[in-house]
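Shown here: query_37.cif, mmCIF, C-alpha atoms, pLDDT in the B column; chains and numbers go by the auth columns.
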```cif
data_entry
loop_
_atom_site.group_PDB
_atom_site.id
_atom_site.type_symbol
_atom_site.label_atom_id
_atom_site.label_comp_id
_atom_site.label_asym_id
_atom_site.label_seq_id
_atom_site.Cartn_x
_atom_site.Cartn_y
_atom_site.Cartn_z
_atom_site.B_iso_or_equiv
_atom_site.auth_seq_id
_atom_site.auth_asym_id
ATOM 1 C CA MET A 1 0.000 0.000 0.000 67.00 1 A
ATOM 2 C CA GLU A 2 1.275 3.427 -0.932 87.00 2 A
ATOM 3 C CA ILE A 3 2.146 5.526 2.100 95.00 3 A
ATOM 4 C CA GLU A 4 0.685 9.011 1.785 97.00 4 A
ATOM 5 C CA LYS A 5 0.284 11.834 4.239 98.00 5 A
ATOM 6 C CA ILE A 6 -3.205 12.721 5.444 98.00 6 A
ATOM 7 C CA VAL A 7 -4.109 16.400 5.185 98.00 7 A
ATOM 8 C CA PHE A 8 -6.994 17.291 7.493 98.00 8 A
ATOM 9 C CA ALA A 9 -8.066 20.316 5.397 98.00 9 A
ATOM 10 C CA GLU A 10 -8.311 18.169 2.257 98.00 10 A
ATOM 11 C CA LYS A 11 -10.375 15.560 4.066 98.00 11 A
ATOM 12 C CA LEU A 12 -12.667 18.187 5.601 98.00 12 A
ATOM 13 C CA ALA A 13 -13.430 19.558 2.133 98.00 13 A
ATOM 14 C CA LEU A 14 -15.024 16.192 1.312 97.00 14 A
ATOM 15 C CA PHE A 15 -17.950 16.305 3.730 97.00 15 A
ATOM 16 C CA GLN A 16 -20.222 18.717 5.556 97.00 16 A
ATOM 17 C CA ASP A 17 -22.549 16.448 7.543 95.00 17 A
ATOM 18 C CA LEU A 18 -22.504 16.753 11.316 96.00 18 A
ATOM 19 C CA TRP A 19 -22.014 13.974 13.874 95.00 19 A
ATOM 20 C CA SER A 20 -20.937 11.522 11.192 94.00 20 A
ATOM 21 C CA PRO A 21 -17.310 10.523 11.776 95.00 21 A
ATOM 22 C CA LYS A 22 -15.259 9.726 8.674 97.00 22 A
ATOM 23 C CA ILE A 23 -12.291 7.381 8.925 97.00 23 A
ATOM 24 C CA VAL A 24 -9.081 8.959 7.630 98.00 24 A
ATOM 25 C CA ALA A 25 -6.429 6.593 8.961 98.00 25 A
ATOM 26 C CA GLN A 26 -5.829 3.301 10.707 98.00 26 A
ATOM 27 C CA MET A 27 -3.033 2.255 13.088 98.00 27 A
ATOM 28 C CA ASN A 28 -3.222 -1.478 13.824 97.00 28 A
ATOM 29 C CA ALA A 29 -6.897 -1.909 14.842 97.00 29 A
ATOM 30 C CA VAL A 30 -7.386 1.745 15.817 98.00 30 A
ATOM 31 C CA HIS A 31 -9.270 4.209 13.633 98.00 31 A
ATOM 32 C CA PHE A 32 -8.670 7.956 13.315 98.00 32 A
ATOM 33 C CA LYS A 33 -11.913 9.723 12.368 97.00 33 A
ATOM 34 C CA LEU A 34 -12.616 13.336 11.529 98.00 34 A
ATOM 35 C CA ALA A 35 -16.018 14.636 12.624 97.00 35 A
ATOM 36 C CA ARG A 36 -17.797 17.943 12.338 98.00 36 A
ATOM 37 C CA ILE A 37 -19.921 18.575 15.399 98.00 37 A
ATOM 38 C CA LYS A 38 -22.423 21.295 16.274 98.00 38 A
ATOM 39 C CA GLY A 39 -25.234 21.338 18.818 98.00 39 A
ATOM 40 C CA GLU A 40 -25.756 18.713 21.487 97.00 40 A
ATOM 41 C CA PHE A 41 -25.203 15.012 20.981 96.00 41 A
ATOM 42 C CA VAL A 42 -26.835 12.258 23.056 95.00 42 A
ATOM 43 C CA TRP A 43 -25.607 11.061 26.438 97.00 43 A
ATOM 44 C CA HIS A 44 -23.879 7.720 25.999 96.00 44 A
ATOM 45 C CA SER A 45 -20.923 5.597 27.031 96.00 45 A
ATOM 46 C CA HIS A 46 -18.743 2.963 25.404 96.00 46 A
ATOM 47 C CA PRO A 47 -18.725 -0.047 27.737 96.00 47 A
ATOM 48 C CA GLU A 48 -15.875 -1.725 25.881 96.00 48 A
ATOM 49 C CA THR A 49 -13.365 1.029 25.125 97.00 49 A
ATOM 50 C CA ASP A 50 -11.778 4.342 25.986 98.00 50 A
ATOM 51 C CA GLU A 51 -12.283 7.088 23.398 98.00 51 A
ATOM 52 C CA VAL A 52 -10.044 10.032 22.482 98.00 52 A
ATOM 53 C CA PHE A 53 -11.128 13.449 21.207 98.00 53 A
ATOM 54 C CA ILE A 54 -8.473 15.779 19.755 98.00 54 A
ATOM 55 C CA VAL A 55 -9.740 19.244 18.771 98.00 55 A
ATOM 56 C CA ILE A 56 -8.577 20.254 15.292 98.00 56 A
ATOM 57 C CA GLU A 57 -10.664 23.422 14.755 98.00 57 A
ATOM 58 C CA GLY A 58 -12.939 25.429 17.037 98.00 58 A
ATOM 59 C CA GLU A 59 -14.053 24.443 20.506 98.00 59 A
ATOM 60 C CA PHE A 60 -16.609 22.245 22.216 98.00 60 A
ATOM 61 C CA GLU A 61 -17.793 21.108 25.601 98.00 61 A
ATOM 62 C CA MET A 62 -17.528 17.560 26.843 98.00 62 A
ATOM 63 C CA GLU A 63 -20.261 17.137 29.423 98.00 63 A
ATOM 64 C CA LEU A 64 -19.579 14.531 32.092 98.00 64 A
ATOM 65 C CA GLN A 65 -21.784 13.658 35.010 95.00 65 A
ATOM 66 C CA GLU A 66 -19.783 15.666 37.559 93.00 66 A
ATOM 67 C CA LYS A 67 -18.331 18.414 35.401 96.00 67 A
ATOM 68 C CA THR A 68 -17.886 19.834 31.950 98.00 68 A
ATOM 69 C CA LEU A 69 -14.579 20.057 30.081 98.00 69 A
ATOM 70 C CA HIS A 70 -14.150 22.991 27.693 98.00 70 A
ATOM 71 C CA LEU A 71 -11.827 21.975 24.881 98.00 71 A
ATOM 72 C CA LYS A 72 -10.367 23.957 22.020 98.00 72 A
ATOM 73 C CA ALA A 73 -7.846 23.420 19.211 97.00 73 A
ATOM 74 C CA GLY A 74 -4.581 22.080 20.624 97.00 74 A
ATOM 75 C CA GLU A 75 -6.327 20.181 23.384 98.00 75 A
ATOM 76 C CA MET A 76 -7.559 16.608 23.793 98.00 76 A
ATOM 77 C CA CYS A 77 -9.315 14.377 26.277 98.00 77 A
ATOM 78 C CA VAL A 78 -9.679 10.677 26.963 98.00 78 A
ATOM 79 C CA ILE A 79 -13.102 9.379 27.972 98.00 79 A
ATOM 80 C CA PRO A 80 -12.513 6.126 29.871 97.00 80 A
ATOM 81 C CA LYS A 81 -14.620 3.139 28.943 97.00 81 A
ATOM 82 C CA GLY A 82 -18.006 3.105 30.581 97.00 82 A
ATOM 83 C CA VAL A 83 -18.042 6.817 31.430 97.00 83 A
ATOM 84 C CA GLU A 84 -21.199 8.676 30.395 97.00 84 A
ATOM 85 C CA HIS A 85 -20.473 11.714 28.247 98.00 85 A
ATOM 86 C CA ARG A 86 -22.144 14.133 25.884 98.00 86 A
ATOM 87 C CA PRO A 87 -20.228 16.352 23.454 98.00 87 A
ATOM 88 C CA ALA A 88 -21.822 19.692 22.590 98.00 88 A
ATOM 89 C CA ALA A 89 -20.612 22.581 20.429 98.00 89 A
ATOM 90 C CA MET A 90 -22.098 26.060 20.240 97.00 90 A
ATOM 91 C CA ASP A 91 -20.439 26.665 16.858 98.00 91 A
ATOM 92 C CA GLU A 92 -19.194 24.072 14.447 98.00 92 A
ATOM 93 C CA CYS A 93 -16.090 22.296 15.681 98.00 93 A
ATOM 94 C CA VAL A 94 -13.841 19.678 14.085 98.00 94 A
ATOM 95 C CA VAL A 95 -12.551 16.814 16.193 98.00 95 A
ATOM 96 C CA LEU A 96 -10.275 13.886 15.485 98.00 96 A
ATOM 97 C CA LEU A 97 -11.619 10.787 17.215 98.00 97 A
ATOM 98 C CA VAL A 98 -9.231 7.957 18.039 98.00 98 A
ATOM 99 C CA GLU A 99 -10.851 4.675 18.992 97.00 99 A
ATOM 100 C CA PRO A 100 -10.873 0.988 18.068 96.00 100 A
ATOM 101 C CA ALA A 101 -12.280 0.105 14.646 94.00 101 A
ATOM 102 C CA GLY A 102 -15.957 -0.682 14.982 89.00 102 A
ATOM 103 C CA THR A 103 -16.711 1.739 17.821 90.00 103 A
ATOM 104 C CA VAL A 104 -20.245 3.088 17.367 88.00 104 A
ATOM 105 C CA ASN A 105 -20.765 6.842 17.773 90.00 105 A
ATOM 106 C CA THR A 106 -23.725 6.541 20.155 90.00 106 A
ATOM 107 C CA GLY A 107 -22.170 3.727 22.203 91.00 107 A
ATOM 108 C CA ASP A 108 -24.712 2.050 24.463 90.00 108 A
ATOM 109 C CA ALA A 109 -27.414 4.666 23.796 90.00 109 A
ATOM 110 C CA GLY A 110 -28.311 3.754 20.219 89.00 110 A
ATOM 111 C CA GLY A 111 -31.181 5.681 18.669 90.00 111 A
ATOM 112 C CA GLU A 112 -31.661 7.769 15.562 88.00 112 A
ATOM 113 C CA ARG A 113 -28.302 9.514 15.789 87.00 113 A
ATOM 114 C CA THR A 114 -26.359 6.279 15.411 88.00 114 A
ATOM 115 C CA ALA A 115 -24.180 6.518 12.297 82.00 115 A
ATOM 116 C CA ALA A 116 -25.016 3.561 10.031 68.00 116 A
ATOM 117 C CA HIS A 117 -21.364 2.734 9.631 72.00 117 A
ATOM 118 C CA ASP A 118 -18.228 4.778 9.598 80.00 118 A
ATOM 119 C CA GLU A 119 -17.089 5.586 6.111 90.00 119 A
ATOM 120 C CA TRP A 120 -13.512 5.915 4.861 95.00 120 A
ATOM 121 C CA ILE A 121 -12.734 9.134 3.029 95.00 121 A
ATOM 122 C CA MET B 1 -9.390 8.779 38.136 67.00 122 B
ATOM 123 C CA GLU B 2 -10.224 12.407 37.556 87.00 123 B
ATOM 124 C CA ILE B 3 -10.898 13.166 33.898 95.00 124 B
ATOM 125 C CA GLU B 4 -9.004 16.265 32.797 97.00 125 B
ATOM 126 C CA LYS B 5 -8.318 17.759 29.423 98.00 126 B
ATOM 127 C CA ILE B 6 -4.777 17.646 28.055 98.00 127 B
ATOM 128 C CA VAL B 7 -3.425 20.971 26.808 98.00 128 B
ATOM 129 C CA PHE B 8 -0.520 20.482 24.422 98.00 129 B
ATOM 130 C CA ALA B 9 0.964 23.940 25.122 98.00 130 B
ATOM 131 C CA GLU B 10 1.025 23.245 28.869 98.00 131 B
ATOM 132 C CA LYS B 11 2.716 19.882 28.342 98.00 132 B
ATOM 133 C CA LEU B 12 5.271 21.363 25.933 98.00 133 B
ATOM 134 C CA ALA B 13 6.279 23.923 28.555 98.00 134 B
ATOM 135 C CA LEU B 14 7.475 21.012 30.720 98.00 135 B
ATOM 136 C CA PHE B 15 10.333 19.785 28.545 97.00 136 B
ATOM 137 C CA GLN B 16 12.827 20.944 25.959 97.00 137 B
ATOM 138 C CA ASP B 17 14.793 17.793 25.135 95.00 138 B
ATOM 139 C CA LEU B 18 14.700 16.537 21.567 96.00 139 B
ATOM 140 C CA TRP B 19 13.810 13.038 20.348 95.00 140 B
ATOM 141 C CA SER B 20 12.512 12.046 23.763 94.00 141 B
ATOM 142 C CA PRO B 21 8.773 11.351 23.537 95.00 142 B
ATOM 143 C CA LYS B 22 6.712 12.145 26.630 97.00 143 B
ATOM 144 C CA ILE B 23 3.481 10.273 27.288 97.00 144 B
ATOM 145 C CA VAL B 24 0.523 12.638 27.743 98.00 145 B
ATOM 146 C CA ALA B 25 -2.437 10.276 27.413 98.00 146 B
ATOM 147 C CA GLN B 26 -3.477 6.654 27.140 98.00 147 B
ATOM 148 C CA MET B 27 -6.445 5.075 25.316 98.00 148 B
ATOM 149 C CA ASN B 28 -6.731 1.379 26.167 97.00 149 B
ATOM 150 C CA ALA B 29 -3.168 0.127 25.505 97.00 150 B
ATOM 151 C CA VAL B 30 -2.270 2.982 23.147 98.00 151 B
ATOM 152 C CA HIS B 31 -0.033 5.872 24.194 98.00 152 B
ATOM 153 C CA PHE B 32 -0.155 9.462 22.944 98.00 153 B
ATOM 154 C CA LYS B 33 3.298 11.042 23.169 97.00 154 B
ATOM 155 C CA LEU B 34 4.469 14.577 22.498 98.00 155 B
ATOM 156 C CA ALA B 35 7.949 14.881 21.051 97.00 156 B
ATOM 157 C CA ARG B 36 10.145 17.773 20.030 98.00 157 B
ATOM 158 C CA ILE B 37 12.252 16.834 17.022 98.00 158 B
ATOM 159 C CA LYS B 38 15.044 18.642 15.187 98.00 159 B
ATOM 160 C CA GLY B 39 17.769 17.299 12.931 98.00 160 B
ATOM 161 C CA GLU B 40 17.900 13.771 11.570 97.00 161 B
ATOM 162 C CA PHE B 41 16.893 10.689 13.527 96.00 162 B
ATOM 163 C CA VAL B 42 18.124 7.154 12.794 95.00 163 B
ATOM 164 C CA TRP B 43 16.689 4.855 10.161 97.00 164 B
ATOM 165 C CA HIS B 44 14.568 2.223 11.880 96.00 165 B
ATOM 166 C CA SER B 45 11.338 0.240 11.723 96.00 166 B
ATOM 167 C CA HIS B 46 8.892 -1.206 14.215 96.00 167 B
ATOM 168 C CA PRO B 47 8.464 -4.879 13.305 96.00 168 B
ATOM 169 C CA GLU B 48 5.472 -5.300 15.610 96.00 169 B
ATOM 170 C CA THR B 49 3.343 -2.185 15.105 97.00 170 B
ATOM 171 C CA ASP B 50 2.141 0.660 12.924 98.00 171 B
ATOM 172 C CA GLU B 51 3.043 4.133 14.180 98.00 172 B
ATOM 173 C CA VAL B 52 1.210 7.446 13.766 98.00 173 B
ATOM 174 C CA PHE B 53 2.751 10.930 13.567 98.00 174 B
ATOM 175 C CA ILE B 54 0.434 13.950 13.883 98.00 175 B
ATOM 176 C CA VAL B 55 2.144 17.323 13.399 98.00 176 B
ATOM 177 C CA ILE B 56 1.213 19.801 16.141 98.00 177 B
ATOM 178 C CA GLU B 57 3.671 22.633 15.402 98.00 178 B
ATOM 179 C CA GLY B 58 6.108 23.237 12.558 98.00 179 B
ATOM 180 C CA GLU B 59 7.017 20.805 9.826 98.00 180 B
ATOM 181 C CA PHE B 60 9.240 17.820 9.220 98.00 181 B
ATOM 182 C CA GLU B 61 10.184 15.255 6.630 98.00 182 B
ATOM 183 C CA MET B 62 9.460 11.576 6.924 98.00 183 B
ATOM 184 C CA GLU B 63 12.035 9.794 4.822 98.00 184 B
ATOM 185 C CA LEU B 64 10.985 6.441 3.429 98.00 185 B
ATOM 186 C CA GLN B 65 12.998 4.193 1.170 95.00 186 B
ATOM 187 C CA GLU B 66 11.165 5.214 -2.021 93.00 187 B
ATOM 188 C CA LYS B 67 10.127 8.757 -1.213 96.00 188 B
ATOM 189 C CA THR B 68 9.962 11.512 1.364 98.00 189 B
ATOM 190 C CA LEU B 69 6.755 12.880 2.879 98.00 190 B
ATOM 191 C CA HIS B 70 6.746 16.558 3.857 98.00 191 B
ATOM 192 C CA LEU B 71 4.388 17.055 6.770 98.00 192 B
ATOM 193 C CA LYS B 72 3.263 20.197 8.537 98.00 193 B
ATOM 194 C CA ALA B 73 0.774 21.156 11.247 97.00 194 B
ATOM 195 C CA GLY B 74 -2.671 19.771 10.427 97.00 195 B
ATOM 196 C CA GLU B 75 -1.248 16.725 8.721 98.00 196 B
ATOM 197 C CA MET B 76 -0.468 13.178 9.832 98.00 197 B
ATOM 198 C CA CYS B 77 0.926 9.920 8.520 98.00 198 B
ATOM 199 C CA VAL B 78 0.822 6.247 9.403 98.00 199 B
ATOM 200 C CA ILE B 79 4.034 4.240 9.101 98.00 200 B
ATOM 201 C CA PRO B 80 2.995 0.606 8.675 97.00 201 B
ATOM 202 C CA LYS B 81 4.742 -1.983 10.788 97.00 202 B
ATOM 203 C CA GLY B 82 8.052 -3.122 9.395 97.00 203 B
ATOM 204 C CA VAL B 83 8.525 -0.101 7.130 97.00 204 B
ATOM 205 C CA GLU B 84 11.910 1.622 7.404 97.00 205 B
ATOM 206 C CA HIS B 85 11.618 5.326 8.104 97.00 206 B
ATOM 207 C CA ARG B 86 13.638 8.286 9.326 98.00 207 B
ATOM 208 C CA PRO B 87 12.064 11.518 10.582 98.00 208 B
ATOM 209 C CA ALA B 88 14.071 14.694 10.052 98.00 209 B
ATOM 210 C CA ALA B 89 13.290 18.333 10.825 98.00 210 B
ATOM 211 C CA MET B 90 15.205 21.391 9.616 97.00 211 B
ATOM 212 C CA ASP B 91 13.721 23.508 12.415 98.00 212 B
ATOM 213 C CA GLU B 92 12.228 22.291 15.652 98.00 213 B
ATOM 214 C CA CYS B 93 8.898 20.566 15.152 98.00 214 B
ATOM 215 C CA VAL B 94 6.392 19.130 17.616 98.00 215 B
ATOM 216 C CA VAL B 95 4.703 15.835 16.820 98.00 216 B
ATOM 217 C CA LEU B 96 2.104 13.753 18.599 98.00 217 B
ATOM 218 C CA LEU B 97 3.013 10.081 18.310 98.00 218 B
ATOM 219 C CA VAL B 98 0.279 7.473 18.650 98.00 219 B
ATOM 220 C CA GLU B 99 1.452 3.912 19.151 97.00 220 B
ATOM 221 C CA PRO B 100 1.054 0.949 21.500 96.00 221 B
ATOM 222 C CA ALA B 101 2.410 1.367 25.010 94.00 222 B
ATOM 223 C CA GLY B 102 5.956 0.060 25.130 89.00 223 B
ATOM 224 C CA THR B 103 6.924 1.005 21.573 90.00 224 B
ATOM 225 C CA VAL B 104 10.606 1.996 21.539 88.00 225 B
ATOM 226 C CA ASN B 105 11.572 5.152 19.656 90.00 226 B
ATOM 227 C CA THR B 106 14.411 3.562 17.699 90.00 227 B
ATOM 228 C CA GLY B 107 12.488 0.358 16.920 90.00 228 B
ATOM 229 C CA ASP B 108 14.736 -2.390 15.605 90.00 229 B
ATOM 230 C CA ALA B 109 17.746 -0.082 15.230 90.00 230 B
ATOM 231 C CA GLY B 110 18.594 0.451 18.895 89.00 231 B
ATOM 232 C CA GLY B 111 21.736 2.464 19.618 90.00 232 B
ATOM 233 C CA GLU B 112 22.551 5.551 21.598 87.00 233 B
ATOM 234 C CA ARG B 113 19.428 7.459 20.587 87.00 234 B
ATOM 235 C CA THR B 114 17.116 4.922 22.189 88.00 235 B
ATOM 236 C CA ALA B 115 15.075 6.681 24.885 82.00 236 B
ATOM 237 C CA ALA B 116 15.609 4.840 28.179 68.00 237 B
ATOM 238 C CA HIS B 117 11.879 4.653 28.765 72.00 238 B
ATOM 239 C CA ASP B 118 9.017 6.908 27.887 80.00 239 B
ATOM 240 C CA GLU B 119 8.078 9.196 30.713 90.00 240 B
ATOM 241 C CA TRP B 120 4.613 10.454 31.603 95.00 241 B
ATOM 242 C CA ILE B 121 4.294 14.197 31.970 95.00 242 B
#
```

Go ahead and express the file in the form of structure tokens.
Amino acid sequence: MEIEKIVFAEKLALFQDLWSPKIVAQMNAVHFKLARIKGEFVWHSHPETDEVFIVIEGEFEMELQEKTLHLKAGEMCVIPKGVEHRPAAMDECVVLLVEPAGTVNTGDAGGERTAAHDEWI
Amino acid sequence: MEIEKIVFAEKLALFQDLWSPKIVAQMNAVHFKLARIKGEFVWHSHPETDEVFIVIEGEFEMELQEKTLHLKAGEMCVIPKGVEHRPAAMDECVVLLVEPAGTVNTGDAGGERTAAHDEWI
């Protein structure tokens, strides 16, 4: 397989839909996914895995049960497995998710905001 | 464990040494490591794992046997397991490495530039 660099700006030009992570890279069994987020997501947790959010553009709030983290570009957080969380962004924000291949965006919550499957771009 | 955000600028203020990755986060068995790089590293490969480089500040070159990738902030690359590579930076550059816990910086090459062990900051 040809080794190429991944340019976030080029990948972001390929989609506009919100809350629909797109896979841009894979390291072993771990996926790197770019997502545009705006508004409030659903409360959920991932019983089987930790999940990483790295802010690429803008800022967002990660609501946890006891507190809220305010994250902006140049910052990241790790949500441990099983911990309830809800991302929310006042204005559109771009995050890079890092999590095992097959992780579902709504975790244990399911519902209409579950992405059918994560798409490679 | 208290969940806190990780601020790259705060972490970078804690060290100045080059080619000595510092662990800033862990997702399952995967480490996220900030490294300052400048000059040429050694040619090496990681026979057991892929390795991710995300550029946080500046730019660097990832030399491969058939070509060289030029990467700058907002870009990343995945070096597949077993692939010989050598990072090199004309000016100081900050990268976020993502790789399994225990991955050694010099891979199969060893030698004096092997970091004794990766330190959490």

Practice item. Can you work out which one of A:Asp118, A:Glu4, A:Glu112, A:Asp50 has the shortest atom-to-atom distance to Gln147 in chain B, counting only C-alpha atoms? Key: A:Asp50

For the contact check between chain A and chain B, emit one row per residue of chain A within 10 Å, containing the shortest atom pair and the distance in Å rounded to one decimal, counting only C-alpha atoms, chain then rising number order, as a Markdown table.
```
| residue | atom | partner | partner_atom | distance |
| --- | --- | --- | --- | --- |
| A:Met1 | CA | B:Pro201 | CA | 9.2 |
| A:Ile3 | CA | B:Ile200 | CA | 7.4 |
| A:Glu4 | CA | B:Cys198 | CA | 6.8 |
| A:Lys5 | CA | B:Cys198 | CA | 4.7 |
| A:Ile6 | CA | B:Met197 | CA | 5.2 |
| A:Val7 | CA | B:Glu196 | CA | 4.6 |
| A:Phe8 | CA | B:Gly195 | CA | 5.8 |
| A:Ala9 | CA | B:Gly195 | CA | 7.4 |
| A:Glu10 | CA | B:Glu196 | CA | 9.7 |
| A:Val24 | CA | B:Met197 | CA | 9.8 |
| A:Ala25 | CA | B:Val199 | CA | 7.3 |
| A:Gln26 | CA | B:Val199 | CA | 7.4 |
| A:Met27 | CA | B:Asp171 | CA | 5.4 |
| A:Asn28 | CA | B:Asp171 | CA | 5.8 |
| A:Ala29 | CA | B:Asp171 | CA | 9.6 |
| A:Val30 | CA | B:Val151 | CA | 9.0 |
| A:Phe32 | CA | B:Val173 | CA | 9.9 |
| A:Glu48 | CA | B:Asn149 | CA | 9.7 |
| A:Thr49 | CA | B:Asn149 | CA | 6.7 |
| A:Asp50 | CA | B:Met148 | CA | 5.4 |
| A:Glu51 | CA | B:Met148 | CA | 6.5 |
| A:Val52 | CA | B:Met148 | CA | 6.7 |
| A:Phe53 | CA | B:Lys126 | CA | 9.7 |
| A:Ile54 | CA | B:Ile127 | CA | 9.3 |
| A:Ile56 | CA | B:Gly195 | CA | 7.7 |
| A:Glu57 | CA | B:Gly195 | CA | 9.8 |
| A:Met62 | CA | B:Lys126 | CA | 9.6 |
| A:Leu64 | CA | B:Ile124 | CA | 9.0 |
| A:Glu66 | CA | B:Ile124 | CA | 9.9 |
| A:Lys67 | CA | B:Ile124 | CA | 9.2 |
| A:Thr68 | CA | B:Glu125 | CA | 9.6 |
| A:Leu69 | CA | B:Lys126 | CA | 6.7 |
| A:His70 | CA | B:Lys126 | CA | 8.0 |
| A:Leu71 | CA | B:Lys126 | CA | 7.1 |
| A:Lys72 | CA | B:Val128 | CA | 8.9 |
| A:Ala73 | CA | B:Val128 | CA | 9.1 |
| A:Gly74 | CA | B:Phe129 | CA | 5.8 |
| A:Glu75 | CA | B:Val128 | CA | 4.6 |
| A:Met76 | CA | B:Ile127 | CA | 5.2 |
| A:Cys77 | CA | B:Lys126 | CA | 4.7 |
| A:Val78 | CA | B:Met148 | CA | 6.7 |
| A:Ile79 | CA | B:Ile124 | CA | 7.4 |
| A:Pro80 | CA | B:Met148 | CA | 7.7 |
| A:Lys81 | CA | B:Asn149 | CA | 8.5 |
| A:Val83 | CA | B:Ile124 | CA | 9.9 |
| A:Val98 | CA | B:Met148 | CA | 8.3 |
| A:Glu99 | CA | B:Met148 | CA | 7.7 |
| A:Pro100 | CA | B:Asn149 | CA | 9.1 |
```

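CA of Ser45 in chain A lies 7.5 Å from CA of Thr106 in chain A.
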
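Superposing chain A on chain B by least squares over every C-alpha atom, paired in order, leaves an RMSD of 0.0 Å.
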
Shell around His117 in chain A at 10 Å using only C-alpha atoms, local window under 3 positions removed, as a CSV table (one decimal) with C-alpha atoms, keeping the file's coordinate frame:
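Writing the result to result_30.csv gives the following:
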```
chain,number,residue,atom,x,y,z
A,20,SER,CA,-20.9,11.5,11.2
A,21,PRO,CA,-17.3,10.5,11.8
A,22,LYS,CA,-15.3,9.7,8.7
A,102,GLY,CA,-16.0,-0.7,15.0
A,103,THR,CA,-16.7,1.7,17.8
A,104,VAL,CA,-20.2,3.1,17.4
A,105,ASN,CA,-20.8,6.8,17.8
A,114,THR,CA,-26.4,6.3,15.4
A,120,TRP,CA,-13.5,5.9,4.9
```

Point to revise | Polymer residues at most 8 Å from Arg36 in chain A, all atoms listed in the file, same-chain spacing of 5 or more positions, as a VMD selection string | key: chain A and resid 16 to 21 92 to 95

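Shortest atom-to-atom contact with Val163 in chain B among B:Leu217, B:Gly203, B:Glu184, B:Glu240: B:Glu184, counting only C-alpha atoms.
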
Exercise for review: Given the file shown, enumerate the residues that the PyMOL selection byres ((chain B and resi 212) around 8) captures and present them as JSON, numbers by chain.
Suggested key: {"B": [159, 160, 179, 180, 181, 210, 211, 213, 214]}

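Comparing B:His152, B:Leu218, B:Lys132, B:Ala230 by their smallest distance to His165 in chain B, the closest is B:Ala230 (using only C-alpha atoms).
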
Missing atoms of range 193-208 of chain B rebuilt to N, CA and C atoms, written as a PDB file, in the frame of the given file:
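Output file result-v5.pdb is given in full below:
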```pdb
ATOM      1  N   LYS B 193       3.312  18.994   7.702  1.00 98.00           N
ATOM      2  CA  LYS B 193       3.263  20.197   8.537  1.00 98.00           C
ATOM      3  C   LYS B 193       2.024  20.141   9.430  1.00 98.00           C
ATOM      4  N   ALA B 194       1.892  21.139  10.298  1.00 97.00           N
ATOM      5  CA  ALA B 194       0.774  21.156  11.247  1.00 97.00           C
ATOM      6  C   ALA B 194      -0.547  20.944  10.510  1.00 97.00           C
ATOM      7  N   GLY B 195      -1.402  20.103  11.078  1.00 97.00           N
ATOM      8  CA  GLY B 195      -2.671  19.771  10.427  1.00 97.00           C
ATOM      9  C   GLY B 195      -2.561  18.578   9.495  1.00 97.00           C
ATOM     10  N   GLU B 196      -1.439  17.900   9.575  1.00 98.00           N
ATOM     11  CA  GLU B 196      -1.248  16.725   8.721  1.00 98.00           C
ATOM     12  C   GLU B 196      -0.722  15.570   9.575  1.00 98.00           C
ATOM     13  N   MET B 197      -0.923  14.362   9.090  1.00 98.00           N
ATOM     14  CA  MET B 197      -0.468  13.178   9.832  1.00 98.00           C
ATOM     15  C   MET B 197      -0.051  12.102   8.843  1.00 98.00           C
ATOM     16  N   CYS B 198       0.634  11.090   9.348  1.00 98.00           N
ATOM     17  CA  CYS B 198       0.926   9.920   8.520  1.00 98.00           C
ATOM     18  C   CYS B 198       0.951   8.676   9.396  1.00 98.00           C
ATOM     19  N   VAL B 199       0.744   7.552   8.738  1.00 98.00           N
ATOM     20  CA  VAL B 199       0.822   6.247   9.403  1.00 98.00           C
ATOM     21  C   VAL B 199       1.990   5.494   8.773  1.00 98.00           C
ATOM     22  N   ILE B 200       2.947   5.091   9.586  1.00 98.00           N
ATOM     23  CA  ILE B 200       4.034   4.240   9.101  1.00 98.00           C
ATOM     24  C   ILE B 200       3.656   2.799   9.423  1.00 98.00           C
ATOM     25  N   PRO B 201       3.395   1.996   8.395  1.00 97.00           N
ATOM     26  CA  PRO B 201       2.995   0.606   8.675  1.00 97.00           C
ATOM     27  C   PRO B 201       4.125  -0.178   9.354  1.00 97.00           C
ATOM     28  N   LYS B 202       3.744  -1.180  10.089  1.00 97.00           N
ATOM     29  CA  LYS B 202       4.742  -1.983  10.788  1.00 97.00           C
ATOM     30  C   LYS B 202       5.760  -2.545   9.799  1.00 97.00           C
ATOM     31  N   GLY B 203       7.002  -2.546  10.222  1.00 97.00           N
ATOM     32  CA  GLY B 203       8.052  -3.122   9.395  1.00 97.00           C
ATOM     33  C   GLY B 203       8.625  -2.201   8.337  1.00 97.00           C
ATOM     34  N   VAL B 204       8.051  -1.010   8.175  1.00 97.00           N
ATOM     35  CA  VAL B 204       8.525  -0.101   7.130  1.00 97.00           C
ATOM     36  C   VAL B 204       9.636   0.806   7.675  1.00 97.00           C
ATOM     37  N   GLU B 205      10.775   0.790   7.007  1.00 97.00           N
ATOM     38  CA  GLU B 205      11.910   1.622   7.404  1.00 97.00           C
ATOM     39  C   GLU B 205      11.570   3.093   7.207  1.00 97.00           C
ATOM     40  N   HIS B 206      11.897   3.891   8.213  1.00 97.00           N
ATOM     41  CA  HIS B 206      11.618   5.326   8.104  1.00 97.00           C
ATOM     42  C   HIS B 206      12.624   6.115   8.932  1.00 97.00           C
ATOM     43  N   ARG B 207      12.768   7.380   8.579  1.00 98.00           N
ATOM     44  CA  ARG B 207      13.638   8.286   9.326  1.00 98.00           C
ATOM     45  C   ARG B 207      13.026   9.678   9.337  1.00 98.00           C
ATOM     46  N   PRO B 208      12.540  10.137  10.500  1.00 98.00           N
ATOM     47  CA  PRO B 208      12.064  11.518  10.582  1.00 98.00           C
ATOM     48  C   PRO B 208      13.240  12.491  10.640  1.00 98.00           C
TER      49      PRO B 208
END
```
